[in-house]
$ cat my_file14.tsv   # TSV, C-alpha atoms
chain	number	residue	atom	x	y	z
A	264	MET	CA	0.00	0.00	0.00
A	265	THR	CA	2.79	2.43	0.93
A	266	ASN	CA	4.69	1.70	-2.28
A	267	SER	CA	1.51	2.18	-4.32
A	268	MET	CA	0.83	5.54	-2.68
A	269	SER	CA	4.43	6.65	-3.27
A	270	THR	CA	4.19	5.70	-6.96
A	271	ASP	CA	0.87	7.52	-7.30
A	272	ASN	CA	2.26	10.66	-5.64
A	273	GLY	CA	5.30	10.61	-7.93
A	274	ARG	CA	3.10	10.25	-11.01
A	275	ARG	CA	0.92	13.16	-9.92
A	276	LEU	CA	3.95	15.33	-9.20
A	277	VAL	CA	5.35	14.68	-12.67
A	278	GLY	CA	1.93	15.33	-14.21
A	279	TRP	CA	1.69	18.74	-12.57
A	280	VAL	CA	5.31	19.60	-13.39
A	281	ALA	CA	4.67	18.73	-17.05
A	282	ILE	CA	1.51	20.86	-17.23
A	283	ILE	CA	3.00	23.87	-15.41
A	284	GLY	CA	6.20	23.53	-17.44
A	285	ALA	CA	4.21	23.65	-20.70
A	286	VAL	CA	2.42	26.83	-19.61
A	287	LEU	CA	5.71	28.45	-18.59
A	288	ALA	CA	7.35	27.44	-21.87
A	289	TRP	CA	4.61	29.00	-23.97
A	290	THR	CA	4.61	32.12	-21.78
A	291	ASN	CA	8.36	32.34	-22.33
A	292	ILE	CA	7.80	32.42	-26.10
A	293	GLY	CA	5.28	35.25	-25.74
A	294	LEU	CA	7.59	37.31	-23.53
A	295	TYR	CA	10.54	36.73	-25.84
A	296	MET	CA	8.56	37.98	-28.83
A	297	ALA	CA	7.22	40.94	-26.83
A	298	ALA	CA	10.78	41.93	-25.90
A	299	PHE	CA	11.67	42.29	-29.58
A	300	GLY	CA	8.34	43.59	-30.86
A	301	GLY	CA	8.11	40.50	-33.06
A	302	ASP	CA	11.48	41.08	-34.78
A	303	LEU	CA	13.53	38.17	-33.45
A	304	THR	CA	16.61	39.17	-35.49
A	305	LEU	CA	17.18	42.07	-33.05
A	306	VAL	CA	19.01	39.73	-30.69
A	307	TYR	CA	21.83	39.62	-33.28
A	308	GLN	CA	21.80	43.39	-33.80
A	309	PRO	CA	23.54	44.54	-30.62
A	310	ALA	CA	23.35	48.28	-31.31
A	311	LEU	CA	19.55	48.04	-31.54
A	312	PHE	CA	19.08	45.37	-28.88
A	313	LEU	CA	21.11	47.17	-26.20
A	314	SER	CA	19.28	50.41	-27.00
A	315	LEU	CA	15.85	48.90	-26.36
A	316	PRO	CA	13.85	50.50	-23.52
A	317	ALA	CA	14.06	49.00	-20.03
A	318	PRO	CA	10.66	47.23	-20.26
A	319	ALA	CA	11.88	45.28	-23.31
A	320	HIS	CA	14.96	44.11	-21.41
A	321	SER	CA	12.69	43.18	-18.48
A	322	PHE	CA	10.62	41.02	-20.82
A	323	PHE	CA	13.82	39.41	-22.05
A	324	HIS	CA	14.98	38.75	-18.49
A	325	ALA	CA	11.64	37.14	-17.65
A	326	SER	CA	11.70	35.03	-20.79
A	327	MET	CA	15.11	33.61	-19.86
A	328	VAL	CA	13.84	32.65	-16.40
A	329	LEU	CA	10.73	30.97	-17.81
A	330	ASP	CA	12.82	29.30	-20.51
A	331	SER	CA	14.96	27.71	-17.80
A	332	LEU	CA	11.91	26.52	-15.87
A	333	GLY	CA	9.64	25.45	-18.73
A	334	PHE	CA	11.95	24.09	-21.41
A	335	TYR	CA	14.74	22.77	-19.20
A	336	LEU	CA	14.29	22.13	-15.47
A	337	ALA	CA	10.82	20.63	-15.97
A	338	PHE	CA	12.41	18.01	-18.24
A	339	LEU	CA	14.75	16.82	-15.51
A	340	VAL	CA	11.64	15.72	-13.62
A	341	ILE	CA	9.79	14.37	-16.67
A	342	GLY	CA	12.87	12.66	-18.08
A	343	GLY	CA	13.75	11.08	-14.75
A	344	TYR	CA	10.24	9.71	-14.34
A	345	LEU	CA	10.14	8.19	-17.83
A	346	TRP	CA	13.60	6.71	-17.29
A	347	SER	CA	12.41	5.00	-14.10
A	348	LEU	CA	9.36	3.57	-15.89
A	349	LEU	CA	11.00	2.35	-19.08
A	350	ARG	CA	14.60	1.37	-18.24
A	351	ALA	CA	13.76	-2.17	-17.05
A	352	GLU	CA	11.92	-2.98	-20.28
A	353	HIS	CA	14.11	-1.17	-22.79
A	354	GLY	CA	17.57	-1.37	-21.25
A	355	ALA	CA	20.70	0.56	-22.17
A	356	LEU	CA	19.08	2.86	-24.74
A	357	ILE	CA	16.93	4.39	-22.01
A	358	ASP	CA	20.03	4.95	-19.86
A	359	MET	CA	21.69	6.70	-22.80
A	360	ALA	CA	18.57	8.82	-23.33
A	361	ALA	CA	18.62	9.81	-19.65
A	362	LEU	CA	22.19	11.09	-20.03
A	363	CYS	CA	21.08	13.02	-23.11
A	364	ILE	CA	18.22	14.80	-21.33
A	365	VAL	CA	20.56	15.84	-18.52
A	366	THR	CA	23.04	17.20	-21.09
A	367	TYR	CA	20.22	19.06	-22.83
A	368	VAL	CA	19.16	20.71	-19.58
A	369	VAL	CA	22.72	21.74	-18.67
A	370	MET	CA	23.40	23.30	-22.08
A	371	GLY	CA	20.04	25.04	-22.15
A	372	ILE	CA	20.35	26.62	-18.70
A	373	ALA	CA	23.93	27.65	-19.45
A	374	GLY	CA	22.63	29.58	-22.47
A	375	THR	CA	19.77	31.26	-20.62
A	376	SER	CA	21.96	32.12	-17.62
A	377	LEU	CA	24.64	33.82	-19.72
A	378	GLN	CA	22.10	35.99	-21.52
A	379	PHE	CA	20.12	36.74	-18.35
A	380	ALA	CA	23.21	37.91	-16.49
A	381	SER	CA	24.68	39.93	-19.37
A	382	VAL	CA	21.79	42.07	-20.59
A	383	SER	CA	21.63	44.67	-17.82
A	384	PRO	CA	25.37	45.42	-17.42
A	385	LEU	CA	25.96	45.57	-21.17
A	386	ALA	CA	22.91	47.81	-21.69
A	387	ALA	CA	24.21	50.12	-18.97
A	388	MET	CA	27.62	50.23	-20.64
A	389	HIS	CA	25.98	50.96	-23.98
A	390	ALA	CA	23.95	53.81	-22.51
A	391	ALA	CA	27.07	55.45	-21.05
A	392	GLY	CA	27.68	57.20	-24.35
A	393	ASP	CA	31.41	56.65	-24.85
A	394	PRO	CA	31.93	55.28	-28.41
A	395	THR	CA	34.66	52.87	-27.35
A	396	VAL	CA	32.56	51.47	-24.50
A	397	LYS	CA	29.55	51.22	-26.81
A	398	ALA	CA	31.53	49.25	-29.37
A	399	ALA	CA	32.89	46.93	-26.67
A	400	SER	CA	29.41	46.27	-25.21
A	401	GLU	CA	27.99	45.55	-28.67
A	402	ALA	CA	30.79	43.11	-29.48
A	403	ALA	CA	30.34	41.40	-26.11
A	404	TRP	CA	26.59	41.00	-26.54
A	405	LEU	CA	26.90	39.64	-30.07
A	406	ALA	CA	29.41	37.05	-28.88
A	407	ILE	CA	27.19	36.03	-25.94
A	408	ALA	CA	23.95	35.84	-27.94
A	409	SER	CA	25.55	33.97	-30.82
A	410	GLY	CA	27.39	31.60	-28.50
A	411	ALA	CA	24.23	30.82	-26.55
A	412	GLN	CA	21.63	30.65	-29.31
A	413	GLN	CA	23.71	29.44	-32.26
A	414	GLY	CA	26.17	27.50	-30.14
A	415	MET	CA	24.92	25.87	-26.96
A	416	TRP	CA	21.26	25.85	-28.00
A	417	LEU	CA	22.15	24.52	-31.45
A	418	MET	CA	24.11	21.67	-29.86
A	419	GLU	CA	20.97	20.63	-28.02
A	420	GLY	CA	19.87	19.12	-31.33
A	421	PRO	CA	21.72	15.79	-31.20
A	422	VAL	CA	21.01	15.06	-27.52
A	423	MET	CA	17.37	16.15	-27.54
A	424	GLY	CA	16.86	14.46	-30.90
A	425	PHE	CA	18.21	11.21	-29.47
A	426	TRP	CA	16.09	11.54	-26.31
A	427	GLY	CA	12.92	12.30	-28.25
A	428	LEU	CA	13.33	9.47	-30.73
A	429	VAL	CA	14.43	6.82	-28.21
A	430	MET	CA	11.99	7.78	-25.48
A	431	GLY	CA	9.13	8.28	-27.92
A	432	ARG	CA	9.70	4.86	-29.46
A	433	ALA	CA	9.88	3.26	-26.01
A	434	MET	CA	6.66	4.99	-24.97
A	435	ARG	CA	4.88	3.65	-28.02
A	436	ALA	CA	6.22	0.14	-27.47
A	437	SER	CA	5.03	0.25	-23.85
A	438	GLY	CA	1.54	1.45	-24.77
A	439	MET	CA	1.98	4.98	-23.40
A	440	PRO	CA	0.28	7.84	-25.25
A	441	TYR	CA	1.96	10.59	-27.29
A	442	GLY	CA	5.15	8.69	-28.07
A	443	ARG	CA	4.81	9.47	-31.77
A	444	LEU	CA	4.49	13.20	-31.01
A	445	LEU	CA	7.70	13.08	-28.96
A	446	MET	CA	9.45	11.39	-31.88
A	447	VAL	CA	8.35	14.25	-34.16
A	448	VAL	CA	9.86	16.69	-31.65
A	449	GLY	CA	13.10	14.71	-31.69
A	450	VAL	CA	13.24	14.86	-35.50
A	451	CYS	CA	12.73	18.65	-35.40
A	452	TYR	CA	15.59	19.11	-32.91
A	453	ALA	CA	17.89	16.98	-35.04
A	454	ALA	CA	16.83	18.88	-38.18
A	455	VAL	CA	17.63	22.25	-36.60
A	456	PHE	CA	21.10	20.99	-35.70
A	457	ILE	CA	21.84	19.71	-39.22
A	458	ILE	CA	20.38	22.75	-41.01
A	459	GLY	CA	22.06	25.13	-38.55
A	460	ILE	CA	25.56	23.74	-39.03
A	461	LEU	CA	24.97	24.06	-42.78
A	462	ASN	CA	24.27	27.76	-42.07
A	463	PHE	CA	20.71	27.79	-43.40
A	464	TRP	CA	19.38	29.71	-40.41
A	465	ALA	CA	16.15	30.88	-42.03
A	466	VAL	CA	15.11	27.26	-42.62
A	467	ALA	CA	16.38	26.17	-39.18
A	468	GLU	CA	14.19	28.80	-37.52
A	469	LEU	CA	11.10	27.26	-39.12
A	470	PHE	CA	11.85	23.85	-37.60
A	471	GLN	CA	12.70	25.59	-34.34
A	472	MET	CA	9.27	27.22	-34.17
A	473	VAL	CA	7.72	23.78	-34.67
A	474	PHE	CA	9.45	22.17	-31.70
A	475	LEU	CA	8.97	25.28	-29.55
A	476	ILE	CA	5.24	24.69	-29.91
A	477	LEU	CA	5.19	20.88	-29.99
A	478	LEU	CA	7.49	20.14	-27.04
A	479	PRO	CA	5.30	22.03	-24.54
A	480	LEU	CA	2.23	20.50	-26.20
A	481	TRP	CA	3.67	17.02	-25.64
A	482	ALA	CA	4.44	17.92	-22.01
A	483	LEU	CA	0.91	19.26	-21.50
A	484	LEU	CA	-0.78	16.20	-23.00
A	485	THR	CA	1.52	13.83	-21.13
A	486	GLY	CA	0.91	15.65	-17.86
A	487	ILE	CA	-2.87	15.45	-18.31
A	488	ALA	CA	-2.61	11.75	-19.16
A	489	LEU	CA	-0.57	11.10	-16.01
A	490	LEU	CA	-3.08	12.93	-13.81
A	491	ARG	CA	-5.96	10.97	-15.34
A	492	GLN	CA	-4.22	7.64	-14.93
A	493	ARG	CA	-5.62	5.50	-12.15
A	494	THR	CA	-3.51	3.51	-9.78
A	495	SER	CA	-3.74	-0.17	-10.57
$ encode --input "my_file14.tsv" --output "structure tokens"
Amino acid sequence: MTNSMSTDNGRRLVGWVAIIGAVLAWTNIGLYMAAFGGDLTLVYQPALFLSLPAPAHSFFHASMVLDSLGFYLAFLVIGGYLWSLLRAEHGALIDMAALCIVTYVVMGIAGTSLQFASVSPLAAMHAAGDPTVKAASEAAWLAIASGAQQGMWLMEGPVMGFWGLVMGRAMRASGMPYGRLLMVVGVCYAAVFIIGILNFWAVAELFQMVFLILLPLWALLTGIALLRQRTS
């Protein structure tokens, strides 16, 4: 009885984390777009980005926090739960996938943390007015934004692609819902990585928008399914 209650509580916790994480992830997208007024290329235009008004930088700050919570930390909980359910049946591949989701979370939070911590001091430097300081702050921001978004976040593609494909296939084989949707997400992550390293960023951004919508959708649907599941 105690073990059954513990399992049920764990399932419910993961269900709520998945649902709340999905809401935070979608809110993050809205705040990110609001920060740039819909022009997402501004992040790579440091003179314009650092000159944005304070509310825009506040939106950006908030989006980085919600990105960390919704797209990354929530998946430590979700990924750990799925690993515990599926590792006995599917073996070493699930262990490999667990390592991949941890790597994904570490790279993702590293990217958000760097940008979160850098915006305010670099914007203050840029506003100081000295041309040399302005040029230095612009160069620093471009390096940080490019390194985070076209470096660390791009390299999420192989690990998240592997996790999505392996875990999605295992979910389907075990009769769990939404495994196919997770596999689609994995394909999109892998596609962004391949297209990005080929330097076709306009095409990569299209695939990126797909997984930015579908990954939280998968988390939401999975969370609801877990909450509706009855203890056997």
$ closest_residue --input "my_file14.tsv" --among "A:Leu349, A:Ala310, A:Leu461, A:Leu356" --to "Gly438 in chain A" --atoms "only C-alpha atoms"
A:Leu349
$ atom_distance --input "my_file14.tsv" --atom1 "CA of Ala285 in chain A" --atom2 "CA of Leu484 in chain A"
9.3 Å
$ closest_residue --input "my_file14.tsv" --among "A:Leu339, A:Val286, A:Leu345, A:Ala408" --to "Val306 in chain A" --atoms "all atoms listed in the file"
A:Ala408
$ residues_around --input "my_file14.tsv" --residues "Phe425 in chain A" --least-positions-apart "3" --cutoff "10 Å" --atoms "all atoms listed in the file" --output "VMD selection string"
chain A and resid 356 359 to 361 363 to 364 419 to 422 428 to 431 446 449 to 450 452 to 453
$ residues_near_point --input "my_file14.tsv" --point "(23.5, 31.5, -21.4)" --cutoff "7 Å" --atoms "only C-alpha atoms" --output "JSON, numbers by chain"
{"A": [372, 373, 374, 375, 376, 377, 378, 379, 411]}
$ atom_distance --input "my_file14.tsv" --atom1 "CA of Ile341 in chain A" --atom2 "CA of Thr270 in chain A"
14.2 Å
$ atom_distance --input "my_file14.tsv" --atom1 "CA of Ala297 in chain A" --atom2 "CA of Phe312 in chain A"
12.8 Å
$ closest_residue --input "my_file14.tsv" --among "A:Asn462, A:Asn291, A:Met418, A:Gln412" --to "Thr304 in chain A" --atoms "all atoms listed in the file"
A:Gln412
$ closest_residue --input "my_file14.tsv" --among "A:Pro318, A:Gly300, A:Pro394, A:Gly284" --to "Tyr335 in chain A" --atoms "only C-alpha atoms"
A:Gly284
$ residues_around --input "my_file14.tsv" --residues "Leu477 in chain A" --least-positions-apart "5" --cutoff "12 Å" --atoms "only C-alpha atoms" --output "ChimeraX atom specification"
/A:285,288-289,334,427,441,443-452,470-472,482-485
$ residues_around --input "my_file14.tsv" --residues "Arg491 in chain A" --least-positions-apart "3" --cutoff "12 Å" --atoms "only C-alpha atoms" --output "PyMOL selection string"
chain A and resi 271+274-275+278-279+484-488+494
$ residues_near_point --input "my_file14.tsv" --point "(8.9, 31.8, -30.4)" --cutoff "7 Å" --atoms "only C-alpha atoms" --output "PDB file with C-alpha atoms, keeping the file's coordinate frame"
ATOM      1  CA  ILE A 292       7.800  32.420 -26.100  1.00  0.00           C
ATOM      2  CA  GLY A 293       5.280  35.250 -25.740  1.00  0.00           C
ATOM      3  CA  TYR A 295      10.540  36.730 -25.840  1.00  0.00           C
ATOM      4  CA  MET A 296       8.560  37.980 -28.830  1.00  0.00           C
ATOM      5  CA  MET A 472       9.270  27.220 -34.170  1.00  0.00           C
ATOM      6  CA  LEU A 475       8.970  25.280 -29.550  1.00  0.00           C
TER       7      LEU A 475
END
$ decode --input "my_file14.tsv" --residues "range 319-365 of chain A" --atoms "N, CA and C atoms" --output "short mmCIF file (atom, residue, chain, number, x, y, z; two decimals), in the first residue's frame"
data_model
loop_
_atom_site.label_atom_id
_atom_site.label_comp_id
_atom_site.auth_asym_id
_atom_site.auth_seq_id
_atom_site.Cartn_x
_atom_site.Cartn_y
_atom_site.Cartn_z
N ALA A 319 11.55 46.36 -22.36
CA ALA A 319 11.88 45.28 -23.31
C ALA A 319 12.95 44.36 -22.71
N HIS A 320 13.93 44.93 -22.06
CA HIS A 320 14.96 44.11 -21.41
C HIS A 320 14.37 43.33 -20.23
N SER A 321 13.37 43.91 -19.56
CA SER A 321 12.69 43.18 -18.48
C SER A 321 11.95 41.97 -19.02
N PHE A 322 11.29 42.15 -20.17
CA PHE A 322 10.62 41.02 -20.82
C PHE A 322 11.63 39.93 -21.19
N PHE A 323 12.78 40.38 -21.68
CA PHE A 323 13.82 39.41 -22.05
C PHE A 323 14.33 38.66 -20.83
N HIS A 324 14.57 39.39 -19.74
CA HIS A 324 14.98 38.75 -18.49
C HIS A 324 13.97 37.69 -18.07
N ALA A 325 12.69 38.08 -18.08
CA ALA A 325 11.64 37.14 -17.65
C ALA A 325 11.58 35.93 -18.56
N SER A 326 11.77 36.16 -19.85
CA SER A 326 11.70 35.03 -20.79
C SER A 326 12.82 34.04 -20.54
N MET A 327 14.00 34.52 -20.16
CA MET A 327 15.11 33.61 -19.86
C MET A 327 14.83 32.77 -18.61
N VAL A 328 14.20 33.39 -17.61
CA VAL A 328 13.84 32.65 -16.40
C VAL A 328 12.81 31.56 -16.73
N LEU A 329 11.77 31.94 -17.47
CA LEU A 329 10.73 30.97 -17.81
C LEU A 329 11.24 29.90 -18.77
N ASP A 330 12.18 30.27 -19.63
CA ASP A 330 12.82 29.30 -20.51
C ASP A 330 13.51 28.22 -19.68
N SER A 331 14.26 28.67 -18.66
CA SER A 331 14.96 27.71 -17.80
C SER A 331 13.99 26.78 -17.08
N LEU A 332 12.87 27.32 -16.63
CA LEU A 332 11.91 26.52 -15.87
C LEU A 332 11.07 25.62 -16.78
N GLY A 333 10.59 26.19 -17.89
CA GLY A 333 9.64 25.45 -18.73
C GLY A 333 10.27 24.49 -19.72
N PHE A 334 11.34 24.92 -20.38
CA PHE A 334 11.95 24.09 -21.41
C PHE A 334 13.07 23.20 -20.87
N TYR A 335 13.58 23.51 -19.67
CA TYR A 335 14.74 22.77 -19.20
C TYR A 335 14.51 22.06 -17.86
N LEU A 336 14.38 22.79 -16.77
CA LEU A 336 14.29 22.13 -15.47
C LEU A 336 13.10 21.18 -15.38
N ALA A 337 11.98 21.53 -16.00
CA ALA A 337 10.82 20.63 -15.97
C ALA A 337 11.17 19.27 -16.57
N PHE A 338 12.09 19.26 -17.54
CA PHE A 338 12.41 18.01 -18.24
C PHE A 338 13.38 17.13 -17.45
N LEU A 339 14.02 17.69 -16.42
CA LEU A 339 14.75 16.82 -15.51
C LEU A 339 13.78 15.90 -14.77
N VAL A 340 12.65 16.49 -14.35
CA VAL A 340 11.64 15.72 -13.62
C VAL A 340 10.94 14.73 -14.56
N ILE A 341 10.50 15.23 -15.72
CA ILE A 341 9.79 14.37 -16.67
C ILE A 341 10.71 13.27 -17.18
N GLY A 342 11.93 13.65 -17.56
CA GLY A 342 12.87 12.66 -18.08
C GLY A 342 13.24 11.62 -17.05
N GLY A 343 13.43 12.04 -15.79
CA GLY A 343 13.75 11.08 -14.75
C GLY A 343 12.62 10.09 -14.50
N TYR A 344 11.40 10.58 -14.55
CA TYR A 344 10.24 9.71 -14.34
C TYR A 344 10.11 8.68 -15.46
N LEU A 345 10.24 9.13 -16.70
CA LEU A 345 10.14 8.19 -17.83
C LEU A 345 11.28 7.18 -17.80
N TRP A 346 12.46 7.64 -17.42
CA TRP A 346 13.60 6.71 -17.29
C TRP A 346 13.28 5.61 -16.28
N SER A 347 12.71 5.99 -15.13
CA SER A 347 12.41 5.00 -14.10
C SER A 347 11.34 4.00 -14.55
N LEU A 348 10.42 4.46 -15.41
CA LEU A 348 9.36 3.57 -15.89
C LEU A 348 9.84 2.60 -16.97
N LEU A 349 10.72 3.08 -17.84
CA LEU A 349 11.00 2.35 -19.08
C LEU A 349 12.35 1.64 -19.11
N ARG A 350 13.25 1.93 -18.16
CA ARG A 350 14.60 1.37 -18.24
C ARG A 350 14.62 -0.15 -18.10
N ALA A 351 13.74 -0.71 -17.25
CA ALA A 351 13.76 -2.17 -17.05
C ALA A 351 13.37 -2.91 -18.32
N GLU A 352 12.42 -2.32 -19.07
CA GLU A 352 11.92 -2.98 -20.28
C GLU A 352 12.81 -2.74 -21.48
N HIS A 353 13.41 -1.55 -21.56
CA HIS A 353 14.11 -1.17 -22.79
C HIS A 353 15.62 -1.05 -22.64
N GLY A 354 16.14 -1.20 -21.44
CA GLY A 354 17.57 -1.37 -21.25
C GLY A 354 18.45 -0.16 -21.49
N ALA A 355 19.61 -0.42 -22.09
CA ALA A 355 20.70 0.56 -22.17
C ALA A 355 20.32 1.81 -22.94
N LEU A 356 19.47 1.68 -23.96
CA LEU A 356 19.08 2.86 -24.74
C LEU A 356 18.40 3.90 -23.85
N ILE A 357 17.61 3.45 -22.90
CA ILE A 357 16.93 4.39 -22.01
C ILE A 357 17.94 5.07 -21.09
N ASP A 358 18.96 4.34 -20.66
CA ASP A 358 20.03 4.95 -19.86
C ASP A 358 20.76 6.02 -20.67
N MET A 359 21.04 5.72 -21.93
CA MET A 359 21.69 6.70 -22.80
C MET A 359 20.81 7.94 -22.99
N ALA A 360 19.51 7.70 -23.17
CA ALA A 360 18.57 8.82 -23.33
C ALA A 360 18.53 9.68 -22.08
N ALA A 361 18.62 9.05 -20.91
CA ALA A 361 18.62 9.81 -19.65
C ALA A 361 19.83 10.74 -19.58
N LEU A 362 21.00 10.24 -20.00
CA LEU A 362 22.19 11.09 -20.03
C LEU A 362 22.00 12.25 -21.01
N CYS A 363 21.32 11.98 -22.11
CA CYS A 363 21.08 13.02 -23.11
C CYS A 363 20.18 14.12 -22.58
N ILE A 364 19.13 13.77 -21.83
CA ILE A 364 18.22 14.80 -21.33
C ILE A 364 18.91 15.66 -20.28
N VAL A 365 19.80 15.05 -19.49
CA VAL A 365 20.56 15.84 -18.52
C VAL A 365 21.50 16.81 -19.24
#
